Amino acid sequence: SSEGEEAGQSVLPDNWQSPQTNDETNVTTDEAALLQLATCHLAGTGLPKPNPPLALHLLQTAYHITSSVQSAHKLALLYEYPTQSNNLIPIDVVAAFEWFKAAAQSGHIPSMAELALCYELGCGVAQNDEEALDWYTKAAEAGHGASHYSVGEHFEEARGVRMDQEEACLWYYRAARLGEEDGVGG
């Protein structure tokens, strides 16, 4: 068997260290490269087989070194939706919640909507309509179309807010104007 293929053995050289930004030499870690490497290891592209643990490590490295909200969002998707990893990474809704939260708090709009859904359904966190509405509103105000519809639902059904049919209609109207299918047909 070739080097690195045995279970538990790293494919990285023994002297490998996580690259870090060095202001004196102006050397920086390339976020895009780490994300692409993670994608290759997830799919097994250019490798004998996929290596999900290394893909997760690369995404976590990208987040911690470059503050990559894209890697945090990708990590959350991998833990939440098995099809994102060809069913190679087990579902972990708590990890998904934490990664969506990290990306959402850094302004990643799709993660704001996913975080709101986690709070709405109690997925990886205690169910909380107020937090769900707060994050749906932030996502909607940042331009996430489907979140407009979700805010409307909260007002229509008095979830985390007083019932207000007029306010619900305004949010549904905004969703429809953005071409959201639920807003148009809902």
# chains A, B, ... in the order shown; residues from 1 in each chain; ligands from 1
$ residues_around --residues "Glu31 in chain A" --least-positions-apart "2" --cutoff "6 Å" --atoms "only C-alpha atoms" --output "JSON, numbers by chain"
{"A": [33, 34, 62]}
$ write_last_selection --atoms "N, CA, C and O atoms" --output "PDB file, in the first residue's frame"
ATOM      1  N   ALA A  33      -7.782  28.139  -2.616  1.00  0.00           N
ATOM      2  CA  ALA A  33      -7.036  26.892  -2.779  1.00  0.00           C
ATOM      3  C   ALA A  33      -7.478  25.855  -1.748  1.00  0.00           C
ATOM      4  O   ALA A  33      -7.652  24.676  -2.077  1.00  0.00           O
ATOM      5  N   LEU A  34      -7.651  26.295  -0.504  1.00  0.00           N
ATOM      6  CA  LEU A  34      -8.103  25.366   0.540  1.00  0.00           C
ATOM      7  C   LEU A  34      -9.495  24.829   0.228  1.00  0.00           C
ATOM      8  O   LEU A  34      -9.774  23.632   0.398  1.00  0.00           O
ATOM      9  N   ALA A  62      -9.465  26.535   6.554  1.00  0.00           N
ATOM     10  CA  ALA A  62      -9.823  27.739   5.797  1.00  0.00           C
ATOM     11  C   ALA A  62     -10.609  28.704   6.681  1.00  0.00           C
ATOM     12  O   ALA A  62     -10.383  29.914   6.646  1.00  0.00           O
TER      13      ALA A  62
END
$ closest_atom_pairs --of "range 74-120 of chain A" --to "range 46-57 of chain A" --cutoff "9 Å" --atoms "only C-alpha atoms" --output "CSV"
residue,atom,partner,partner_atom,distance
A:Leu75,CA,A:Leu56,CA,7.0
A:Leu78,CA,A:Leu56,CA,8.8
A:Ser85,CA,A:Pro52,CA,7.8
A:Leu88,CA,A:Pro52,CA,6.7
A:Ile89,CA,A:Pro52,CA,6.8
$ write_last_selection --atoms "N, CA, C and O atoms" --output "PDB file, in the first residue's frame"
ATOM      1  N   LEU A  75     -19.168  23.605   5.455  1.00  0.00           N
ATOM      2  CA  LEU A  75     -19.135  22.639   6.551  1.00  0.00           C
ATOM      3  C   LEU A  75     -20.539  22.366   7.081  1.00  0.00           C
ATOM      4  O   LEU A  75     -20.913  21.211   7.313  1.00  0.00           O
ATOM      5  N   LEU A  78     -22.417  20.188   4.665  1.00  0.00           N
ATOM      6  CA  LEU A  78     -21.933  18.806   4.701  1.00  0.00           C
ATOM      7  C   LEU A  78     -22.508  18.048   5.893  1.00  0.00           C
ATOM      8  O   LEU A  78     -22.845  16.869   5.775  1.00  0.00           O
ATOM      9  N   SER A  85     -22.068  15.310   0.512  1.00  0.00           N
ATOM     10  CA  SER A  85     -20.812  14.551   0.610  1.00  0.00           C
ATOM     11  C   SER A  85     -20.953  13.153   0.013  1.00  0.00           C
ATOM     12  O   SER A  85     -20.163  12.268   0.324  1.00  0.00           O
ATOM     13  N   LEU A  88     -20.936  10.411   2.568  1.00  0.00           N
ATOM     14  CA  LEU A  88     -19.700   9.986   3.220  1.00  0.00           C
ATOM     15  C   LEU A  88     -19.497  10.619   4.590  1.00  0.00           C
ATOM     16  O   LEU A  88     -18.675  10.158   5.377  1.00  0.00           O
ATOM     17  N   ILE A  89     -20.230  11.687   4.884  1.00  0.00           N
ATOM     18  CA  ILE A  89     -20.112  12.364   6.175  1.00  0.00           C
ATOM     19  C   ILE A  89     -21.448  12.211   6.903  1.00  0.00           C
ATOM     20  O   ILE A  89     -22.488  12.577   6.374  1.00  0.00           O
TER      21      ILE A  89
END
$ atom_distance --atom1 "CA of Gln84 in chain A" --atom2 "CA of Thr39 in chain A"
10.4 Å
$ atom_distance --atom1 "CA of Glu130 in chain A" --atom2 "CA of Asp164 in chain A"
15.1 Å
$ atom_distance --atom1 "CA of Trp135 in chain A" --atom2 "CA of Trp99 in chain A"
14.7 Å
$ residues_around --residues "Ser68 in chain A" --least-positions-apart "5" --cutoff "9 Å" --atoms "only C-alpha atoms" --output "short mmCIF file (atom, residue, chain, number, x, y, z; two decimals) with C-alpha atoms, in the first residue's frame"
data_model
loop_
_atom_site.label_atom_id
_atom_site.label_comp_id
_atom_site.auth_asym_id
_atom_site.auth_seq_id
_atom_site.Cartn_x
_atom_site.Cartn_y
_atom_site.Cartn_z
CA GLU A 31 -8.79 30.55 0.87
CA LEU A 59 -12.50 23.51 5.39
CA GLN A 60 -11.95 24.05 9.12
CA ALA A 62 -9.82 27.74 5.80
CA TYR A 63 -12.31 29.04 8.36
CA HIS A 73 -21.29 27.43 5.19
CA ALA A 103 -21.15 32.02 8.87
#
